[in-house]
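Chemist: Here you go, this is entry39.tsv (TSV, C-alpha atoms).
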```
chain	number	residue	atom	x	y	z
J	1	MET	CA	9.60	16.70	20.88
J	2	VAL	CA	8.98	19.53	23.34
J	3	GLN	CA	12.17	21.37	24.19
J	4	THR	CA	12.86	24.51	26.23
J	5	LEU	CA	15.86	26.56	25.13
J	6	THR	CA	17.46	29.52	26.87
J	7	VAL	CA	19.83	31.67	24.80
J	8	LEU	CA	22.11	34.55	25.71
J	9	GLY	CA	22.36	37.14	22.92
J	10	LEU	CA	24.95	39.87	22.31
J	11	GLU	CA	24.60	42.86	19.96
J	12	SER	CA	27.28	45.43	19.08
J	13	SER	CA	26.92	46.18	15.38
J	14	CYS	CA	26.68	49.98	15.63
J	15	ASP	CA	26.39	52.25	18.67
J	16	ASP	CA	24.28	50.20	21.08
J	17	THR	CA	25.95	47.64	23.34
J	18	ALA	CA	23.39	45.05	24.36
J	19	ALA	CA	22.87	41.67	25.99
J	20	ALA	CA	19.65	39.75	26.54
J	21	ILE	CA	18.31	36.35	27.49
J	22	VAL	CA	15.39	34.75	25.66
J	23	ARG	CA	13.65	31.48	26.48
J	24	GLN	CA	11.22	29.47	24.38
J	25	THR	CA	9.47	26.15	24.71
J	26	THR	CA	8.67	24.37	21.45
J	27	GLY	CA	5.33	25.58	20.10
J	28	ALA	CA	5.00	28.41	22.63
J	29	LYS	CA	5.65	32.12	22.37
J	30	ALA	CA	9.19	33.19	23.27
J	31	GLU	CA	9.81	35.05	26.52
J	32	ILE	CA	12.34	37.85	27.00
J	33	LEU	CA	13.83	37.20	30.43
J	34	SER	CA	16.08	40.27	30.29
J	35	SER	CA	17.20	42.92	27.81
J	36	VAL	CA	19.99	45.37	28.59
J	37	VAL	CA	21.04	48.16	26.22
J	38	HIS	CA	23.81	50.69	26.80
J	39	GLY	CA	23.59	53.49	24.21
J	40	GLN	CA	26.49	55.68	23.11
J	41	THR	CA	24.65	58.85	22.10
J	42	GLU	CA	26.62	61.08	24.47
J	43	LEU	CA	29.92	59.75	23.15
J	44	HIS	CA	29.10	60.47	19.50
J	45	SER	CA	26.91	63.57	19.67
J	46	PRO	CA	29.84	66.05	19.55
J	47	PHE	CA	30.83	64.58	16.18
J	48	GLY	CA	27.40	64.66	14.53
J	49	GLY	CA	27.33	60.91	13.94
J	50	VAL	CA	28.76	57.56	14.99
J	51	VAL	CA	32.56	57.40	15.12
J	52	PRO	CA	33.51	53.72	14.50
J	53	GLU	CA	36.68	53.74	16.62
J	54	ILE	CA	34.89	55.27	19.61
J	55	ALA	CA	32.02	52.81	19.20
J	56	ALA	CA	34.35	49.79	19.14
J	57	ARG	CA	36.17	50.88	22.32
J	58	ALA	CA	32.88	51.51	24.12
J	59	HIS	CA	31.60	48.07	23.12
J	60	ALA	CA	34.74	46.40	24.44
J	61	GLU	CA	34.28	48.20	27.76
J	62	LYS	CA	30.56	47.50	28.17
J	63	LEU	CA	29.88	44.03	26.74
J	64	ASP	CA	30.84	42.10	29.87
J	65	VAL	CA	28.88	44.57	32.00
J	66	CYS	CA	25.79	44.04	29.83
J	67	VAL	CA	26.13	40.25	30.04
J	68	LEU	CA	26.35	40.34	33.84
J	69	GLN	CA	23.35	42.68	34.06
J	70	ALA	CA	21.30	40.49	31.72
J	71	LEU	CA	22.06	37.37	33.77
J	72	ASP	CA	21.35	39.16	37.03
J	73	THR	CA	18.02	40.56	35.79
J	74	ALA	CA	16.96	37.11	34.57
J	75	GLY	CA	18.08	35.51	37.83
J	76	LEU	CA	20.26	33.05	35.94
J	77	SER	CA	23.89	32.05	35.59
J	78	LEU	CA	25.72	30.87	32.49
J	79	LYS	CA	25.07	27.30	33.67
J	80	ASP	CA	21.36	27.89	32.97
J	81	VAL	CA	22.00	28.96	29.36
J	82	ASP	CA	21.92	26.55	26.39
J	83	ALA	CA	23.81	28.67	23.84
J	84	VAL	CA	25.32	32.09	23.22
J	85	ALA	CA	24.26	33.99	20.10
J	86	VAL	CA	26.07	37.02	18.75
J	87	THR	CA	25.73	39.47	15.90
J	88	ALA	CA	28.44	38.41	13.43
J	89	GLY	CA	27.52	41.08	10.85
J	90	PRO	CA	26.71	43.25	9.07
J	91	GLY	CA	27.80	46.39	10.85
J	92	LEU	CA	30.76	48.53	11.85
J	93	ILE	CA	33.52	45.95	11.82
J	94	GLY	CA	35.18	47.08	15.06
J	95	GLY	CA	31.93	46.78	16.97
J	96	VAL	CA	31.00	43.45	15.39
J	97	MET	CA	34.46	42.09	16.25
J	98	SER	CA	34.06	43.19	19.87
J	99	GLY	CA	30.84	41.23	20.20
J	100	VAL	CA	32.15	38.15	18.39
J	101	MET	CA	35.29	38.02	20.53
J	102	CYS	CA	33.27	38.38	23.74
J	103	ALA	CA	30.92	35.58	22.67
J	104	LYS	CA	33.88	33.38	21.71
J	105	GLY	CA	35.40	33.95	25.13
J	106	ILE	CA	32.18	32.91	26.86
J	107	SER	CA	31.89	29.85	24.62
J	108	ALA	CA	35.50	28.80	25.14
J	109	ALA	CA	35.32	29.25	28.90
J	110	THR	CA	31.99	27.50	29.45
J	111	GLY	CA	31.66	25.08	26.55
J	112	LEU	CA	28.39	26.72	25.50
J	113	PRO	CA	27.56	26.35	21.79
J	114	LEU	CA	28.23	29.47	19.73
J	115	VAL	CA	25.71	30.74	17.16
J	116	GLY	CA	26.51	33.61	14.79
J	117	VAL	CA	23.53	35.75	13.78
J	118	ASN	CA	22.93	38.09	10.88
J	119	HIS	CA	21.90	41.41	12.41
J	120	LEU	CA	19.29	41.90	9.70
J	121	ALA	CA	17.80	38.49	10.48
J	122	GLY	CA	17.45	39.65	14.07
J	123	HIS	CA	15.25	42.53	12.93
J	124	ALA	CA	13.42	40.39	10.38
J	125	LEU	CA	12.55	37.69	12.95
J	126	THR	CA	11.48	40.12	15.68
J	127	PRO	CA	7.76	39.73	14.76
J	128	ARG	CA	8.07	36.03	15.56
J	129	LEU	CA	9.61	36.90	18.92
J	130	THR	CA	6.89	39.40	19.81
J	131	ASP	CA	3.81	38.00	18.06
J	132	ASN	CA	4.74	34.42	17.16
J	133	ILE	CA	3.58	34.96	13.58
J	134	ALA	CA	3.94	32.13	11.08
J	135	PHE	CA	6.01	31.99	7.91
J	136	PRO	CA	5.77	33.28	5.25
J	137	TYR	CA	5.27	36.95	6.04
J	138	LEU	CA	6.28	40.20	4.37
J	139	MET	CA	8.89	42.23	6.21
J	140	LEU	CA	9.76	45.88	5.75
J	141	LEU	CA	13.16	46.29	7.37
J	142	VAL	CA	13.69	50.03	7.71
J	143	SER	CA	16.60	51.31	9.78
J	144	GLY	CA	19.60	53.61	9.87
J	145	GLY	CA	21.63	51.46	7.52
J	146	HIS	CA	19.12	49.31	5.67
J	147	CYS	CA	15.78	49.42	3.89
J	148	GLN	CA	14.43	46.26	2.28
J	149	PHE	CA	11.21	44.46	1.49
J	150	LEU	CA	11.66	40.76	2.27
J	151	ILE	CA	9.47	37.70	2.24
J	152	ALA	CA	10.51	35.66	5.27
J	153	HIS	CA	10.11	31.97	4.43
J	154	GLY	CA	12.17	30.63	7.34
J	155	PRO	CA	14.83	31.63	9.90
J	156	GLU	CA	17.50	31.67	7.18
J	157	HIS	CA	15.43	31.87	4.00
J	158	PHE	CA	14.52	35.34	2.76
J	159	THR	CA	13.52	36.66	-0.67
J	160	ARG	CA	14.21	40.33	-1.31
J	161	LEU	CA	11.52	42.13	-3.31
J	162	GLY	CA	13.28	45.48	-3.33
J	163	GLY	CA	15.33	47.89	-1.30
J	164	THR	CA	17.22	51.15	-1.30
J	165	ILE	CA	19.74	51.75	-4.05
J	166	ASP	CA	21.57	54.38	-1.97
J	167	ASP	CA	20.84	55.87	1.48
J	168	ALA	CA	18.59	54.14	3.98
J	169	PRO	CA	15.79	56.25	5.52
J	170	GLY	CA	17.53	56.43	8.89
J	171	GLU	CA	20.68	57.70	7.24
J	172	ALA	CA	18.64	60.34	5.39
J	173	PHE	CA	17.02	61.41	8.68
J	174	ASP	CA	20.44	61.74	10.31
J	175	LYS	CA	21.83	63.80	7.44
J	176	THR	CA	18.77	66.04	7.48
J	177	ALA	CA	19.19	66.63	11.20
J	178	ARG	CA	22.81	67.64	10.67
J	179	LEU	CA	21.87	70.01	7.84
J	180	LEU	CA	19.30	71.70	10.09
J	181	GLY	CA	21.37	71.78	13.27
J	182	LEU	CA	19.24	69.23	15.12
J	183	PRO	CA	20.71	66.75	17.62
J	184	GLN	CA	21.52	63.14	16.82
J	185	PRO	CA	20.06	60.60	16.41
J	186	GLY	CA	18.30	62.40	13.61
J	187	GLY	CA	15.12	60.34	13.32
J	188	PRO	CA	13.51	61.34	16.62
J	189	SER	CA	14.73	64.94	16.26
J	190	VAL	CA	13.26	65.40	12.78
J	191	GLU	CA	10.00	63.69	13.78
J	192	ALA	CA	9.62	65.93	16.82
J	193	GLU	CA	10.33	69.07	14.78
J	194	ALA	CA	7.92	67.97	12.02
J	195	ARG	CA	4.96	67.93	14.42
J	196	ALA	CA	4.89	71.74	14.35
J	197	GLY	CA	5.48	71.98	10.61
J	198	ASP	CA	3.43	72.26	7.42
J	199	PRO	CA	4.25	69.26	5.17
J	200	LYS	CA	2.79	71.05	2.11
J	201	ARG	CA	4.87	74.23	2.22
J	202	PHE	CA	7.88	72.66	0.50
J	203	ARG	CA	7.50	70.15	-2.31
J	204	PHE	CA	9.99	67.32	-2.01
J	205	PRO	CA	10.48	64.64	-4.68
J	206	ARG	CA	9.05	61.14	-4.26
J	207	PRO	CA	12.00	59.14	-5.66
J	208	LEU	CA	11.42	56.18	-8.00
J	209	LEU	CA	7.63	56.32	-7.81
J	210	ASP	CA	7.63	56.79	-11.57
J	211	ARG	CA	9.35	53.43	-12.01
J	212	PRO	CA	7.89	49.96	-11.48
J	213	GLY	CA	9.04	47.71	-8.67
J	214	CYS	CA	9.83	48.06	-4.99
J	215	ASP	CA	13.28	49.68	-5.07
J	216	LEU	CA	13.75	52.93	-3.16
J	217	SER	CA	16.09	55.91	-3.11
J	218	PHE	CA	16.51	58.53	-0.39
J	219	SER	CA	19.77	60.37	-1.10
J	220	GLY	CA	18.01	62.85	-3.41
J	221	LEU	CA	15.71	63.94	-0.58
J	222	LYS	CA	18.68	65.06	1.47
J	223	THR	CA	20.02	67.03	-1.50
J	224	ALA	CA	16.61	68.62	-2.11
J	225	LEU	CA	16.38	69.68	1.53
J	226	MET	CA	19.87	71.18	1.46
J	227	ARG	CA	18.96	73.28	-1.58
J	228	MET	CA	15.70	74.46	-0.02
J	229	ARG	CA	17.52	75.36	3.19
J	230	ASP	CA	20.17	77.31	1.29
J	231	GLN	CA	17.52	79.16	-0.71
J	232	ILE	CA	15.73	80.25	2.48
J	233	VAL	CA	19.02	81.34	4.08
J	234	ASN	CA	19.95	83.37	0.99
J	235	GLU	CA	16.55	85.07	0.93
J	236	LYS	CA	16.14	85.68	4.68
J	237	GLY	CA	19.67	85.52	6.05
J	238	GLY	CA	18.79	82.49	8.19
J	239	LEU	CA	16.15	79.95	9.19
J	240	THR	CA	13.27	80.63	11.54
J	241	ARG	CA	11.99	77.90	13.83
J	242	GLN	CA	8.93	77.58	11.58
J	243	ASP	CA	11.09	77.27	8.48
J	244	ARG	CA	12.93	74.38	10.08
J	245	ALA	CA	9.73	72.70	11.23
J	246	ASP	CA	8.22	73.00	7.73
J	247	LEU	CA	11.36	71.56	6.13
J	248	CYS	CA	11.25	68.61	8.52
J	249	ALA	CA	7.53	68.05	7.93
J	250	GLY	CA	7.92	68.11	4.15
J	251	PHE	CA	10.94	65.83	4.23
J	252	GLN	CA	9.25	63.32	6.53
J	253	GLN	CA	6.06	63.32	4.44
J	254	ALA	CA	8.08	62.52	1.31
J	255	ILE	CA	9.53	59.47	3.04
J	256	VAL	CA	6.11	58.44	4.36
J	257	ASP	CA	4.50	58.71	0.91
J	258	THR	CA	7.34	56.83	-0.77
J	259	LEU	CA	7.33	53.97	1.74
J	260	ALA	CA	3.54	53.72	1.60
J	261	GLU	CA	3.41	53.38	-2.19
J	262	LYS	CA	6.31	50.94	-2.34
J	263	THR	CA	4.65	48.91	0.41
J	264	ARG	CA	1.49	48.64	-1.70
J	265	ARG	CA	3.54	47.19	-4.51
J	266	ALA	CA	5.41	44.80	-2.20
J	267	ILE	CA	2.13	43.54	-0.71
J	268	ASP	CA	0.81	42.82	-4.21
J	269	LEU	CA	3.90	40.74	-5.00
J	270	TYR	CA	3.68	38.97	-1.64
J	271	LEU	CA	-0.01	38.13	-2.14
J	272	GLU	CA	0.88	36.46	-5.44
J	273	THR	CA	2.54	33.72	-3.34
J	274	SER	CA	-0.90	32.95	-1.82
J	275	PRO	CA	-0.03	33.06	1.90
J	276	SER	CA	-2.75	31.50	4.04
J	277	GLU	CA	-2.67	34.33	6.59
J	278	PRO	CA	-1.18	37.46	4.96
J	279	VAL	CA	0.91	39.51	7.37
J	280	ILE	CA	3.24	42.45	6.86
J	281	ALA	CA	5.64	43.31	9.66
J	282	VAL	CA	7.84	46.35	10.02
J	283	ALA	CA	11.00	46.45	12.10
J	284	GLY	CA	14.18	48.50	12.46
J	285	GLY	CA	14.84	51.84	14.13
J	286	VAL	CA	12.84	53.93	11.64
J	287	ALA	CA	9.80	51.75	12.43
J	288	ALA	CA	9.56	53.79	15.62
J	289	ASN	CA	8.43	56.80	13.56
J	290	SER	CA	4.72	57.26	14.29
J	291	ALA	CA	3.89	58.89	10.93
J	292	ILE	CA	5.45	55.99	9.03
J	293	ARG	CA	3.67	53.42	11.19
J	294	SER	CA	0.32	55.14	10.70
J	295	ALA	CA	0.74	55.24	6.91
J	296	LEU	CA	1.72	51.58	6.75
J	297	GLU	CA	-1.26	50.57	8.88
J	298	SER	CA	-3.54	52.39	6.44
J	299	VAL	CA	-1.97	50.60	3.46
J	300	CYS	CA	-2.43	47.23	5.17
J	301	ALA	CA	-6.08	47.99	5.92
J	302	GLU	CA	-6.53	48.95	2.27
J	303	LYS	CA	-4.96	45.65	1.15
J	304	ASN	CA	-6.78	43.55	3.79
J	305	THR	CA	-3.43	42.43	5.19
J	306	GLN	CA	-2.60	42.13	8.88
J	307	PHE	CA	-0.09	44.70	10.14
J	308	THR	CA	2.28	44.10	13.01
J	309	ALA	CA	5.17	46.05	14.48
J	310	PRO	CA	7.32	45.36	17.53
J	311	PRO	CA	7.23	47.54	20.63
J	312	LEU	CA	9.38	50.63	20.16
J	313	ALA	CA	12.13	49.24	22.42
J	314	LEU	CA	12.54	46.29	20.05
J	315	CYS	CA	12.60	48.41	16.89
J	316	THR	CA	16.01	49.86	17.60
J	317	ASP	CA	19.11	47.67	17.99
J	318	ASN	CA	18.83	45.25	20.90
J	319	ALA	CA	20.12	41.84	21.91
J	320	ALA	CA	16.73	40.19	22.49
J	321	MET	CA	16.25	39.93	18.73
J	322	ILE	CA	19.74	38.43	18.38
J	323	ALA	CA	19.08	35.91	21.15
J	324	TYR	CA	15.81	34.90	19.47
J	325	ALA	CA	17.30	34.64	15.97
J	326	GLY	CA	20.10	32.56	17.47
J	327	LEU	CA	17.55	30.38	19.25
J	328	GLU	CA	15.79	29.67	15.94
J	329	ARG	CA	19.11	28.75	14.29
J	330	PHE	CA	20.17	26.66	17.29
J	331	ARG	CA	16.87	24.77	17.36
J	332	ALA	CA	17.39	23.97	13.68
J	333	GLY	CA	20.81	22.48	14.46
J	334	ALA	CA	23.10	25.40	13.57
J	335	ARG	CA	26.40	25.69	15.42
J	336	ASP	CA	29.46	27.86	14.79
J	337	GLY	CA	33.04	27.19	15.79
J	338	LEU	CA	35.58	29.49	17.39
J	339	ASP	CA	36.64	30.40	13.85
J	340	LEU	CA	33.42	32.45	13.47
J	341	THR	CA	34.35	35.65	11.67
J	342	ALA	CA	32.96	39.17	11.89
J	343	ARG	CA	31.44	40.38	8.63
J	344	PRO	CA	30.98	44.06	7.73
J	345	ARG	CA	28.57	43.05	4.93
J	346	TRP	CA	26.13	40.16	4.91
J	347	PRO	CA	23.04	40.28	2.66
J	348	LEU	CA	20.04	38.30	3.90
J	349	ASP	CA	19.04	37.20	0.41
J	350	GLN	CA	22.13	35.41	-0.86
J	351	HIS	CA	20.67	34.73	-4.30
J	352	SER	CA	19.47	38.13	-5.53
J	353	PRO	CA	21.94	40.50	-7.25
J	354	ALA	CA	23.65	42.99	-4.94
J	355	MET	CA	21.91	46.37	-4.78
J	356	LEU	CA	24.68	48.50	-3.32
J	357	GLY	CA	27.78	47.15	-5.01
J	358	GLY	CA	30.48	44.78	-3.90
J	359	GLY	CA	34.23	44.93	-3.58
J	360	LYS	CA	36.68	43.14	-1.36
J	361	LYS	CA	34.25	43.10	1.56
J	362	GLY	CA	31.39	41.67	-0.49
J	363	ALA	CA	27.97	42.99	-1.39
J	364	LYS	CA	26.48	45.59	0.93
J	365	ALA	CA	22.89	44.44	0.43
```
How does this structure look as structure tokens?
Modeler:
Amino acid sequence: MVQTLTVLGLESSCDDTAAAIVRQTTGAKAEILSSVVHGQTELHSPFGGVVPEIAARAHAEKLDVCVLQALDTAGLSLKDVDAVAVTAGPGLIGGVMSGVMCAKGISAATGLPLVGVNHLAGHALTPRLTDNIAFPYLMLLVSGGHCQFLIAHGPEHFTRLGGTIDDAPGEAFDKTARLLGLPQPGGPSVEAEARAGDPKRFRFPRPLLDRPGCDLSFSGLKTALMRMRDQIVNEKGGLTRQDRADLCAGFQQAIVDTLAEKTRRAIDLYLETSPSEPVIAVAGGVAANSAIRSALESVCAEKNTQFTAPPLALCTDNAAMIAYAGLERFRAGARDGLDLTARPRWPLDQHSPAMLGGGKKGAKA
């Protein structure tokens, strides 16, 4: 049965307030009718990172504005929408709650079905939104808060092959930027600085490459950089611009090399499942890093596996991916009630052991 669905999506899990509308006819590629993102960089930059309370207030102020802009850009009204999808976790709980409450209000006022979406699933399904690739495919989800290798079997069926046991790459980039006095967000700042640097001047560790498997670790890189910085400062009385560029280049190359080798291992495990058309996709904010993308493309060429990555605007947090993930769930019959709860933690693979611990809030990943 051919069916055309139009879904409004809302995203507010961290420091980007977003709304988007996505439409798809059964069997056809999805179409992004509108995508609105209001960033909060100026609000958080004086503090060197995202302040959860400030983020939550900004989301509450901007969500309705984003929804109206998304509808206006698409030339639609809420009467033309089939469902409203919203990030229900994981993320900063104040921001997630803001989005969930806004979506509940829209649902209650209009009668539109409500669909809660795992933020990580939004990233993981983005290659289907942009390139309509078929399941199963290998996904490297690499962002500010997460880093995982996943086999995507279906919209809600993922198998984790490995992931970070501590910091995510984006978090490591942000911490490095703070240590070197670079502006936030740290990823673009470190990448820009690294272009003028020598990646071989400082030798950074390549964590966990001496161990089998696909797990990763990035917190030690930040510590290594801090020690190298302090050594230079003690010897010279400060950092030159070239010192900083070389530190950034060496740090970034360590992450590139680590991700490349772990990707080789993940591809080998993925190919053991005998996919008919092997594909590896990368998504998440760190996927915007050109050095990382280039290294992953080389690995895929080496392994004779197709590589795909979303446009840069869809790598970072956005609502188009949430609208699409919600559309897939909605098409499969998923519906949530007004008792939908916001979740600070929500692993995609519900069957594998937690990697980052648990507690009252549940496993982190």
Chemist: Restricting the calculation to only C-alpha atoms: of J:Asp317, J:Glu272, J:Glu235, J:Asp339, which residue gets closest to J:Ala124?
Modeler: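 Of J:Asp317, J:Glu272, J:Glu235, J:Asp339, the one nearest J:Ala124 is J:Asp317, counting only C-alpha atoms.
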Chemist: From the options J:Val282, J:Leu338, J:Leu182, J:Ala287, which residue's atoms come nearest to J:Ser45, counting all atoms listed in the file?
Modeler: J:Leu182
Chemist: Got a sec: who's within 7 Å of J:Arg343, counting only C-alpha atoms, leaving out chain neighbours fewer than 4 positions off, as a list of chain:residue names?
Modeler: J:Ala88, J:Gly89, J:Pro90, J:Ile93
Chemist: Of the candidates J:His59, J:His146, J:Lys104, J:Arg128, which shows the shortest atom-to-atom distance to J:Asp166, using only C-alpha atoms?
Modeler: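 Ranked by minimum distance to J:Asp166, first place goes to J:His146.
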Chemist: Enter the distance from atom CA of J:Gln40 to atom CA of J:Ser12, in Å, rounded to one decimal.
Modeler: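 Those two atoms sit 11.0 Å apart.
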Chemist: For a quick check of understanding, using all atoms listed in the file, which of J:Leu296, J:Leu225, J:Leu209, J:Ala152 has the smallest distance to J:Ala249?
Modeler: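 The shortest atom-to-atom distance to J:Ala249 comes from J:Leu225.
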Chemist: Have a look at atom CA of J:Leu10 and atom CA of J:Ala30 and let me know their distance in Å, one decimal.
Modeler: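 Answer for the atom CA of J:Leu10 to atom CA of J:Ala30 separation: 17.1 Å.
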Chemist: So what do you get for atom CA of J:Arg23 versus atom CA of J:Arg331, distance-wise?
Modeler: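 Straight-line distance from atom CA of J:Arg23 to atom CA of J:Arg331 works out to 11.8 Å.
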Chemist: Could you give me, as a PyMOL selection string, the residues within 9 Å of stretch 73-77 of chain J, counting all atoms listed in the file and dropping anything in the same chain fewer than 6 positions from it?
Modeler: chain J and resi 20-21+32-36
Chemist: Would you export the selected residues with C-alpha atoms as a PDB file, in the coordinates of the input, please?
Modeler:
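Resulting contents of out_35.pdb:
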```
ATOM      1  CA  ALA J  20      19.650  39.750  26.540  1.00  0.00           C
ATOM      2  CA  ILE J  21      18.310  36.350  27.490  1.00  0.00           C
ATOM      3  CA  ILE J  32      12.340  37.850  27.000  1.00  0.00           C
ATOM      4  CA  LEU J  33      13.830  37.200  30.430  1.00  0.00           C
ATOM      5  CA  SER J  34      16.080  40.270  30.290  1.00  0.00           C
ATOM      6  CA  SER J  35      17.200  42.920  27.810  1.00  0.00           C
ATOM      7  CA  VAL J  36      19.990  45.370  28.590  1.00  0.00           C
TER       8      VAL J  36
END
```
Chemist: Which polymer residues, whether protein, DNA or RNA, lie within 12 Å of the coordinate (19.3, 30.1, 14.3) when you count only C-alpha atoms? List them as a PDB file with C-alpha atoms, keeping the file's coordinate frame, using the chain letters and numbers from the file.
Modeler:
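So the final result, stored in part-v4.pdb, reads:
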```pdb
ATOM      1  CA  LEU J   5      15.860  26.560  25.130  1.00  0.00           C
ATOM      2  CA  VAL J   7      19.830  31.670  24.800  1.00  0.00           C
ATOM      3  CA  GLY J   9      22.360  37.140  22.920  1.00  0.00           C
ATOM      4  CA  ALA J  83      23.810  28.670  23.840  1.00  0.00           C
ATOM      5  CA  VAL J  84      25.320  32.090  23.220  1.00  0.00           C
ATOM      6  CA  ALA J  85      24.260  33.990  20.100  1.00  0.00           C
ATOM      7  CA  VAL J  86      26.070  37.020  18.750  1.00  0.00           C
ATOM      8  CA  THR J  87      25.730  39.470  15.900  1.00  0.00           C
ATOM      9  CA  PRO J 113      27.560  26.350  21.790  1.00  0.00           C
ATOM     10  CA  LEU J 114      28.230  29.470  19.730  1.00  0.00           C
ATOM     11  CA  VAL J 115      25.710  30.740  17.160  1.00  0.00           C
ATOM     12  CA  GLY J 116      26.510  33.610  14.790  1.00  0.00           C
ATOM     13  CA  VAL J 117      23.530  35.750  13.780  1.00  0.00           C
ATOM     14  CA  ASN J 118      22.930  38.090  10.880  1.00  0.00           C
ATOM     15  CA  HIS J 119      21.900  41.410  12.410  1.00  0.00           C
ATOM     16  CA  ALA J 121      17.800  38.490  10.480  1.00  0.00           C
ATOM     17  CA  GLY J 122      17.450  39.650  14.070  1.00  0.00           C
ATOM     18  CA  LEU J 125      12.550  37.690  12.950  1.00  0.00           C
ATOM     19  CA  GLY J 154      12.170  30.630   7.340  1.00  0.00           C
ATOM     20  CA  PRO J 155      14.830  31.630   9.900  1.00  0.00           C
ATOM     21  CA  GLU J 156      17.500  31.670   7.180  1.00  0.00           C
ATOM     22  CA  HIS J 157      15.430  31.870   4.000  1.00  0.00           C
ATOM     23  CA  MET J 321      16.250  39.930  18.730  1.00  0.00           C
ATOM     24  CA  ILE J 322      19.740  38.430  18.380  1.00  0.00           C
ATOM     25  CA  ALA J 323      19.080  35.910  21.150  1.00  0.00           C
ATOM     26  CA  TYR J 324      15.810  34.900  19.470  1.00  0.00           C
ATOM     27  CA  ALA J 325      17.300  34.640  15.970  1.00  0.00           C
ATOM     28  CA  GLY J 326      20.100  32.560  17.470  1.00  0.00           C
ATOM     29  CA  LEU J 327      17.550  30.380  19.250  1.00  0.00           C
ATOM     30  CA  GLU J 328      15.790  29.670  15.940  1.00  0.00           C
ATOM     31  CA  ARG J 329      19.110  28.750  14.290  1.00  0.00           C
ATOM     32  CA  PHE J 330      20.170  26.660  17.290  1.00  0.00           C
ATOM     33  CA  ARG J 331      16.870  24.770  17.360  1.00  0.00           C
ATOM     34  CA  ALA J 332      17.390  23.970  13.680  1.00  0.00           C
ATOM     35  CA  GLY J 333      20.810  22.480  14.460  1.00  0.00           C
ATOM     36  CA  ALA J 334      23.100  25.400  13.570  1.00  0.00           C
ATOM     37  CA  ARG J 335      26.400  25.690  15.420  1.00  0.00           C
ATOM     38  CA  ASP J 336      29.460  27.860  14.790  1.00  0.00           C
TER      39      ASP J 336
END
```
Chemist: Write out as a PyMOL selection string the residues lying within 8 Å of J:Leu63, counting only C-alpha atoms and excluding same-chain residues fewer than 6 positions away.
Modeler: chain J and resi 10+17-19+99+102
Chemist: Which residues, protein or nucleic acid, reach to within 12 Å of (1.7, 62.0, -0.4) in the file's coordinates when using only C-alpha atoms, and can you give that as a list in words?
Modeler: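 Result, sorted by chain then residue number: Pro199, Lys200, Arg203, Phe204, Pro205, Arg206, Pro207, Leu209, Ala249, Gly250, Phe251, Gln252, Gln253, Ala254, Ile255, Val256, Asp257, Thr258, Leu259, Ala260, Glu261, Ala291, Ile292 and Ala295 of chain J.
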Chemist: From the set J:Val233, J:Leu340, J:Leu271, J:Val299, which residue has the shortest atom-to-atom contact distance to J:Val100, counting all atoms listed in the file?
Modeler: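 Closest to J:Val100 of all the choices is J:Leu340.
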Chemist: Extending 4 Å beyond the listed atoms of stretch 313-321 of chain J on each side, what axis-aligned box results? I want centre and edge lengths in Å to one decimal, as lines of an AutoDock Vina configuration file.
Modeler:
```
center_x = 16.1
center_y = 44.9
center_z = 19.7
size_x = 16.0
size_y = 17.9
size_z = 13.6
```
